[in-house]
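Single-structure report; data block below.
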Amino acid sequence: MPMKTQKITTDNQLIIERRHHAKTYKLTIDQASCVGCELCSLICPREAIKVTKKPKIEGEKAERPTIDVDEAKCHYCGMCVAICPYGAVHVAVDGENISLVVEKESFPKLIREISVDTTKCPTDCKECEEVCPLNLIKIESNSIKAQVTVEILKERCPCCGLCDVKCPEGAIQVRRIFTGKLRIDQEKCPSECRDCLDACPITGALFLDEKDKIRVNELFCTYCGVCKIVCPEEGALELSRSTIRHTPIRSGAWNKALEKLASTLEVTKELRGKGKKRAMEAVKKRLETRRKQIG
Amino acid sequence: MDKESPRIGVFVCHCGLNIAGVVDVKELVEFAKTLPDVVYAKDNRYTCADPGQEEIRKGIKEHNLNRVVVAACSPRMHEPTFRRTVSEAGLNPFLFEMANIREFSSWCHQSTPKEATEKAKDIVRMAIAKAKLLQPLKEIEVPVTNKALVIGGGIAGINSALDLAEMGFKVYLLEKNESIGGHMAQLDKTFPTLDCSICIEGPKMVDVGRHPNIEIISFADLVSASGYVGNFKVKIKKKPRYVIHENCTGCGECKEVCPIEYPNEWDINMGVRKAISIPFEQAVPLVYTINMDYCIECYKCVDACGARQAINFDQKPEEIEIDVGAIIVAIGFEEYLPYADPLYGYGKYDNVITALEFERLILAAGPTGGKVIRASDGEKPHSVVFIQCVGSRDVNKYEYCSGFCCMYTLKHSVMLKEKYKDNIQVYVIYTDLRSDFKGYEEFYNRAKKGGAHFVRTKLENRSIVEDAKTKNLIVHAETMGGKPVEIEAEMVVLANAAVAVQNATELAEILNISIDANGFFVECQPKIRPTETDTPGIFLAGACQGLKDIPYSVSQGSGAAALAATVLSKPTWIIAPLVAKVNEDICSGCGVCESVCGYDAVKIEQINGKELAKVTEGLCRGCGICSAACPAGAITMPLYTKEQVIAQLRAVLEKVK
Ligand SMILES: Cc1cc2nc3c(=O)[nH]c(=O)nc-3n(C[C@H](O)[C@H](O)[C@H](O)COP(=O)(O)OP(=O)(O)OC[C@H]3O[C@@H](n4cnc5c(N)ncnc54)[C@H](O)[C@@H]3O)c2cc1C
Ligand code: SF4
């Protein structure tokens with residue numbers, strides 16, 4: 001059998017596959033978890049991922065953008081797996097889930113720092129389970145033993161921090177993955193339009209104020225950028241990311257990804273100073289020795 | 001000599017009975033004597049033999065001849081012989097003319113000897129008329145660069161390079177891929193002896209890499225070539241490897257840290273390789289290459305390489321120019337992949353593979369570690385059908401026989417039976433089984449004894465259908481007698497046609513050599529000069545000249561090396577002065593000649609402030625097209641001047657008058 005590639009789309013999954021005689025690569029996007037943000041498509045080194053805004057139907061709510069992966073371009077490196085804050089992407093090699101770039105320390109993992117002190121939890125409280133916009137929290141309480149377990153589907157959590165803020169006992173602590181800025185230019189924002197609000201997966205990150213204007217609550221925003229994709233008005237929404245919490249890494253590929261993700265100059269520079277500068281210096285030095293050898 | 005009146009000697013050859021059996025040779029001699037300026041005429045049984053040649057030399061001396069005509073066979077064979085003979089007697093070799101009375105008369109008019117004799121007289125009369133006008137000419141001598149270029153590092157090119165290097169010549173071995181080795185390096189075992197392919201080719205590859213006279217230029221393409229025998233100038237473009245050749249130790253530590261895997265063409269994409277890697281373990285030169293189409297520039301390899309500092313992301317393509325005296329073309333063959341042929345379901349059915357894929361599958365160092373398994377379920381098949389002549393011997397695809405597939409299928413059947421014994425059923429569907437050459441028929445017998453079933457069927461009416469559930473394949477064919485054949489197999493292996501390299505046409509254009517309708521390079525003469533091209537100094541070796549297996553590719557590789565050495569071993573190369581001559585007084589520089597010349601041999605240039613046609617003697621083949629096309633009659637062919645041709649026509653038309 002010569003190498004085969006194929007794409008299968010079902011209601012809840014988008015699967016692409018590359019089959020060799022004795023090895024199979026598979027990338028799966030879980031349509032329910034994917035919010036249609038831009039993160040994976042921004043950093044994909046093969047530009048294989050396309051996120052497209054769905055055409056708006058008059059009078060209906062804006063839908064999430066659709067995601068598509070070009071099976072001819074994808075080489076299953078797993079950067080998308082590592083960057084997706086919603087845990088919607090999986091790559092499997094011969095049936096085993098893996099991100100090759102993370103495995104080989106060419107790309108960091110996002111740090112999801114969530115801590116729960118269940119001793120503070122009253123047995124009758126389900127506040128966090130209810131507020132989690134992505135239904136990732138499951139609470140089991142045993143009133144007889146006065147014990148509460150809080151189960152969080154961590155790998156799919158974008159760390160919006162809603163549970164943290166809403167917890168009446170201060171039992172959950174969430175540190176944000178992304179920090180940054182999201183600004184709405186009220187002049188440019190069309191007054192009737194609610195598209196960003198419709199698409200935003202995090203309840204309360206965007207809201208209507210008393211004058212029916214859309215506002216940002218940066219306390220909850222995950223800076224995923226889906227709002228920017230659906231926004232019909234150029235320049236009405238301005239998004240920039242300044243920090244990303246990730247496992248320590250020294251990799252040119254990450255620096256490149258970072259340049260695309262984080263628009264704040266200082267951040268880019270700082271991170272460059274850490275990794276790429278050294279690589280650049282190494283290259284320069286190498287060239288010099290070579291020139292000397294030739295000369 | 002010009003002023004001297006012509007004294008012509010005519011030597012008529014019997015060629016045994018080839019001529020004398022039809023043409024009345026004695027009468028022809030007497031006739032020749034009657035012609036003006038003929039001072040001597042004589043017949044010989046074999047003019048080309050020593051005594052015959054001696055007669056010519058004697059005739060020249062005794063009769064003070066200053067022109068010689070030999071009436072015998074075609075000049076293709078013996079013109080050079082007789083030119084040498086007359087020059088040995090002190091005559092300019094170009095004061096010689098040949099009259100072909102064998103091919104033009106005795107052979108084609110065997111039943112009418114009288115008329116044949118009359119025609120022979122006409123032919124001799126014409127030759128004499130031309131001989132009168134012959135002028136002494138000087139041979140042209142050009143210097144020779146004693147280095148060679150071999151294009152293509154398969155087993156044929158490897159042998160050419162090694163032989164030339166051993167003779168002491170500097171050789172550049174140009175290979176478009178990262179490593180030399182060609183198809184042989186992809187094979188598991190080789191027929192008819194079943195020795196491990198890379199075990200016998202590997203050491204040769206290493207020898208090439210180590211030989212002080214050989215410079216491998218790999219991962220590079222030929223851009224252009226100019227010049228002529230002894231004096232070629234070629235431009236080569238090296239693709240960047242992003243790894244510095246001199247610094248790379250081939251340790252492979254970079255490969256270990258590289259996260260990126262991409263399809264390995266070397267394994268026919270059945271397996272994968274890292275973005276920084278070598279295509280196979282025995283690669284020569286052992287230098288890693290980064291595939292920038294896939295690399296994510298994480299620089300993990302830079303870290304792993306450390307102090308060796310072999311990785312350089314700034315490498316750019318590099319163009320080099322080299323001078324060589326001879327070129328050997330050995331670019332091999334490619335495969336026909338029958339994706340578009342619905343009969344075989346290749347690309348559609350998981351368990352239909354090509355023979356080369358089978359080689360990679362059964363090879364211990366291959367992508368499955370030597371396990372013959374089905375792509376559909378990873379299981380070892382219990383029955384395998386081999387189908388011969390897929391695309392070959394098919395008037396609608398490739399009419400020719402691919403030559404080596406019968407033999408490799410025998411090999412595959414023997415290997416399967418020896419490996420899996422009775423646990424596997426092997427069928428070979430063939431139309432004719434070709435096992436000529438040394439040891440091959442014996443190998444066929446070994447395959448038959450081994451237990452493979454050979455089923456002879458027609459080339460037509462074959463098809464394969466897949467059982468959707470089991471992924472088994474139902475093979476249909478028809479016996480020679482028209483009976484249907486149906487075999488269910490768990491795997492099918494296609495003996496797909498071998499075809500000419502796709503860019504052979506491009507290469508042929510650059511080198512000014514010809515390709516045939518199938519894309520294979522055309523030899524100078526299919527029987528007695530199969531290794532030369534029509535372009536002096538350019539030779540052919542291996543499957544690119546015509547499909548051939550390893551022993552014959554190796555032989556031709558060595559043959560081409562020997563021929564190249566006939567050029568390289570001389571300090572200068574002699575070119576016959578049969579090249580176009582421009583009369584600068586008449587030439588108006590119109591450029592018609594330049595536009596018709598097929599060899600780039602004539603160009604309009606500024607000479608003393610005037611636009612004039614200039615002939616590069618080394619490139620001119622003396623075809624005469626420019627001379628015929630020149631509106632001013634400014635170009636002459638020294639051995640076919642207008643006066644000479646008209647004199648010949650007058651001579652033959654004399655009788656008609
Ligand atoms: C499945 C299979 C099994 C076989 N088994 C056997 C066997 O058991 N025994 C046997 O005797 N024969 C066998 N053969 C035949 C054998 O492969 C050939 O005889 C042999 O490879 C011919 O050698 P070559 O050097 O002429 O060509 P190739 O092996 O094709 O080498 C040509 C080289 O030239 C290079 N090249 C191509 N184009 C260019 C270019 N433009 N510029 C620079 N370089 C270029 C290629 O990269 C390659 O390295 C088998 C063939 C197949 C397909
Ligand atoms: S070698 Fe055998 S299988 Fe190959 S084309 Fe010729 S006859 Fe067919």
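Ordering of the structure tokens sets the chain letters (A, B, ...); residue numbers start at 1 within each chain; ligands are numbered from 1 in the order shown.
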Fewer than 3 positions away in the same chain doesn't count, so skip those; otherwise give me all residues within 9 Å of range 64-78 of chain A, counting only C-alpha atoms, as a short mmCIF file (atom, residue, chain, number, x, y, z; two decimals) with N, CA and C atoms, in the first residue's frame.
data_model
loop_
_atom_site.label_atom_id
_atom_site.label_comp_id
_atom_site.auth_asym_id
_atom_site.auth_seq_id
_atom_site.Cartn_x
_atom_site.Cartn_y
_atom_site.Cartn_z
N THR A 5 -3.56 9.31 2.71
CA THR A 5 -4.06 10.30 3.66
C THR A 5 -5.56 10.40 3.47
N GLN A 6 -6.24 10.66 4.56
CA GLN A 6 -7.69 10.83 4.41
C GLN A 6 -8.24 11.74 5.49
N LYS A 7 -9.43 12.24 5.22
CA LYS A 7 -10.10 13.12 6.19
C LYS A 7 -11.51 12.60 6.42
N LEU A 14 -13.48 15.92 13.80
CA LEU A 14 -12.82 16.07 12.52
C LEU A 14 -11.54 15.23 12.65
N ILE A 15 -11.41 14.24 11.75
CA ILE A 15 -10.25 13.36 11.85
C ILE A 15 -9.46 13.41 10.56
N ILE A 16 -8.15 13.60 10.67
CA ILE A 16 -7.32 13.39 9.50
C ILE A 16 -6.31 12.30 9.85
N GLU A 17 -5.87 11.59 8.80
CA GLU A 17 -5.08 10.41 9.06
C GLU A 17 -4.03 10.27 7.98
N ARG A 18 -2.85 9.84 8.35
CA ARG A 18 -1.85 9.48 7.35
C ARG A 18 -1.39 8.07 7.66
N TYR A 25 -0.65 7.87 11.62
CA TYR A 25 -0.75 9.14 12.35
C TYR A 25 -2.19 9.62 12.24
N LYS A 26 -2.71 10.11 13.37
CA LYS A 26 -4.11 10.51 13.36
C LYS A 26 -4.26 11.78 14.19
N LEU A 27 -4.96 12.74 13.63
CA LEU A 27 -5.24 13.96 14.38
C LEU A 27 -6.74 14.09 14.51
N ILE A 29 -9.94 16.39 16.08
CA ILE A 29 -10.42 17.59 16.74
C ILE A 29 -11.83 17.31 17.26
N GLN A 31 -15.09 18.42 18.06
CA GLN A 31 -15.85 19.61 17.65
C GLN A 31 -16.57 20.28 18.83
N CYS A 34 -13.83 22.29 20.72
CA CYS A 34 -13.19 23.36 19.94
C CYS A 34 -14.11 24.57 19.89
N VAL A 35 -13.57 25.72 20.31
CA VAL A 35 -14.42 26.91 20.31
C VAL A 35 -14.23 27.73 19.04
N GLY A 36 -13.29 27.30 18.21
CA GLY A 36 -13.04 28.02 16.95
C GLY A 36 -12.16 29.24 17.14
N CYS A 37 -11.29 29.19 18.15
CA CYS A 37 -10.40 30.33 18.36
C CYS A 37 -9.25 30.22 17.38
N SER A 41 -4.27 27.67 14.69
CA SER A 41 -4.02 28.07 13.31
C SER A 41 -2.91 29.13 13.25
N CYS A 44 0.52 26.95 13.74
CA CYS A 44 0.79 25.74 12.96
C CYS A 44 1.95 26.00 11.99
N PRO A 45 3.06 25.25 12.09
CA PRO A 45 4.22 25.54 11.26
C PRO A 45 3.98 25.22 9.78
N ARG A 46 2.98 24.44 9.48
CA ARG A 46 2.70 24.08 8.09
C ARG A 46 1.52 24.87 7.54
N GLU A 47 0.99 25.77 8.36
CA GLU A 47 -0.22 26.52 7.99
C GLU A 47 -1.30 25.57 7.48
N ALA A 48 -1.48 24.50 8.20
CA ALA A 48 -2.42 23.47 7.76
C ALA A 48 -3.81 23.68 8.33
N ILE A 49 -3.91 24.56 9.34
CA ILE A 49 -5.21 24.72 10.00
C ILE A 49 -5.86 26.04 9.59
N LYS A 50 -7.09 25.93 9.21
CA LYS A 50 -7.83 27.14 8.83
C LYS A 50 -9.05 27.28 9.72
N VAL A 51 -9.20 28.47 10.29
CA VAL A 51 -10.39 28.74 11.08
C VAL A 51 -11.19 29.77 10.30
N THR A 52 -12.41 29.41 9.96
CA THR A 52 -13.22 30.36 9.17
C THR A 52 -14.51 30.70 9.86
N LYS A 53 -14.82 31.97 9.74
CA LYS A 53 -16.05 32.49 10.31
C LYS A 53 -17.22 31.93 9.52
N LYS A 54 -18.24 31.52 10.23
CA LYS A 54 -19.43 31.02 9.52
C LYS A 54 -20.26 32.20 9.04
N VAL A 81 -1.85 20.43 19.63
CA VAL A 81 -2.27 19.68 20.82
C VAL A 81 -1.80 20.44 22.07
N ALA A 82 -0.55 20.92 22.00
CA ALA A 82 0.03 21.56 23.17
C ALA A 82 -0.57 22.94 23.43
N ILE A 83 -0.95 23.65 22.41
CA ILE A 83 -1.35 25.04 22.61
C ILE A 83 -2.85 25.18 22.92
N VAL A 89 -7.71 19.18 20.75
CA VAL A 89 -6.97 18.50 19.68
C VAL A 89 -6.16 17.34 20.25
N HIS A 90 -6.16 16.21 19.51
CA HIS A 90 -5.35 15.07 19.91
C HIS A 90 -4.62 14.52 18.71
N VAL A 91 -3.36 14.12 18.90
CA VAL A 91 -2.64 13.41 17.86
C VAL A 91 -2.28 12.05 18.42
N ALA A 92 -2.51 11.04 17.59
CA ALA A 92 -2.15 9.68 18.02
C ALA A 92 -1.24 9.07 16.97
N VAL A 93 -0.14 8.47 17.44
CA VAL A 93 0.74 7.72 16.54
C VAL A 93 0.56 6.26 16.90
N ILE A 98 -0.10 11.34 21.70
CA ILE A 98 1.23 11.89 21.93
C ILE A 98 1.32 13.25 21.24
N SER A 99 2.14 14.13 21.80
CA SER A 99 2.51 15.32 21.06
C SER A 99 4.01 15.21 20.87
N LEU A 100 4.43 14.93 19.63
CA LEU A 100 5.85 14.68 19.37
C LEU A 100 6.72 15.84 19.80
N VAL A 101 6.24 17.06 19.59
CA VAL A 101 7.07 18.22 19.95
C VAL A 101 7.20 18.38 21.46
N VAL A 102 6.16 18.02 22.19
CA VAL A 102 6.25 18.10 23.66
C VAL A 102 7.17 16.99 24.17
N PHE A 107 8.64 21.94 22.42
CA PHE A 107 7.49 22.79 22.61
C PHE A 107 7.01 22.61 24.05
N ASP A 198 -21.92 36.18 21.42
CA ASP A 198 -22.47 34.86 21.08
C ASP A 198 -21.38 33.81 21.01
N ALA A 199 -20.22 34.21 20.48
CA ALA A 199 -19.18 33.21 20.23
C ALA A 199 -18.33 32.92 21.46
N CYS A 200 -18.24 33.85 22.37
CA CYS A 200 -17.35 33.69 23.52
C CYS A 200 -17.79 32.51 24.39
N VAL A 226 -11.42 34.08 19.89
CA VAL A 226 -12.54 33.74 19.02
C VAL A 226 -13.39 34.98 18.69
N ILE A 229 -12.25 36.79 15.67
CA ILE A 229 -12.56 36.15 14.39
C ILE A 229 -13.98 36.46 13.93
N VAL A 230 -14.91 36.43 14.89
CA VAL A 230 -16.29 36.65 14.48
C VAL A 230 -16.65 38.13 14.32
N PRO B 259 12.02 16.29 16.82
CA PRO B 259 10.65 15.81 17.07
C PRO B 259 9.87 15.47 15.80
N ILE B 260 10.38 15.89 14.64
CA ILE B 260 9.53 15.85 13.45
C ILE B 260 9.78 14.61 12.60
N GLU B 261 8.69 13.96 12.23
CA GLU B 261 8.77 12.77 11.39
C GLU B 261 8.06 13.04 10.07
N TYR B 262 8.69 12.67 8.96
CA TYR B 262 8.01 12.83 7.66
C TYR B 262 8.23 11.59 6.80
N TYR B 294 9.79 20.56 6.37
CA TYR B 294 9.19 19.99 7.57
C TYR B 294 9.75 20.55 8.87
N ILE B 296 10.79 22.54 12.03
CA ILE B 296 10.08 23.61 12.74
C ILE B 296 11.06 24.59 13.39
#
Shell of 6 Å around ligand 1 (only C-alpha atoms and all ligand atoms), written as a PyMOL selection string: chain B and resi 151-157+174-177+180-184+189-191+221+330-333+355-356+404+408+542-544+548-551+553
Env. residues ligand 2 / 6 Å / only C-alpha atoms and all ligand atoms / as a ChimeraX atom specification: /B:388-389,392-393,401-406,432-434,495
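The coordinates place CA of Arg176 in chain A at 20.5 Å from CA of Lys138 in chain A.
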Interface list for chain B, partner chain A, 9 Å threshold, only C-alpha atoms, as a PyMOL selection string: chain B and resi 256-263+268-272+293-300+302-303+309-314+346-354+357+361+367-368+373-376+378
For range 5-10 of chain B: contacts at 7 Å, only C-alpha atoms, fewer than 4 positions along chain excluded, given as an NGL selection string: :B and (37-42 or 65-70 or 132)
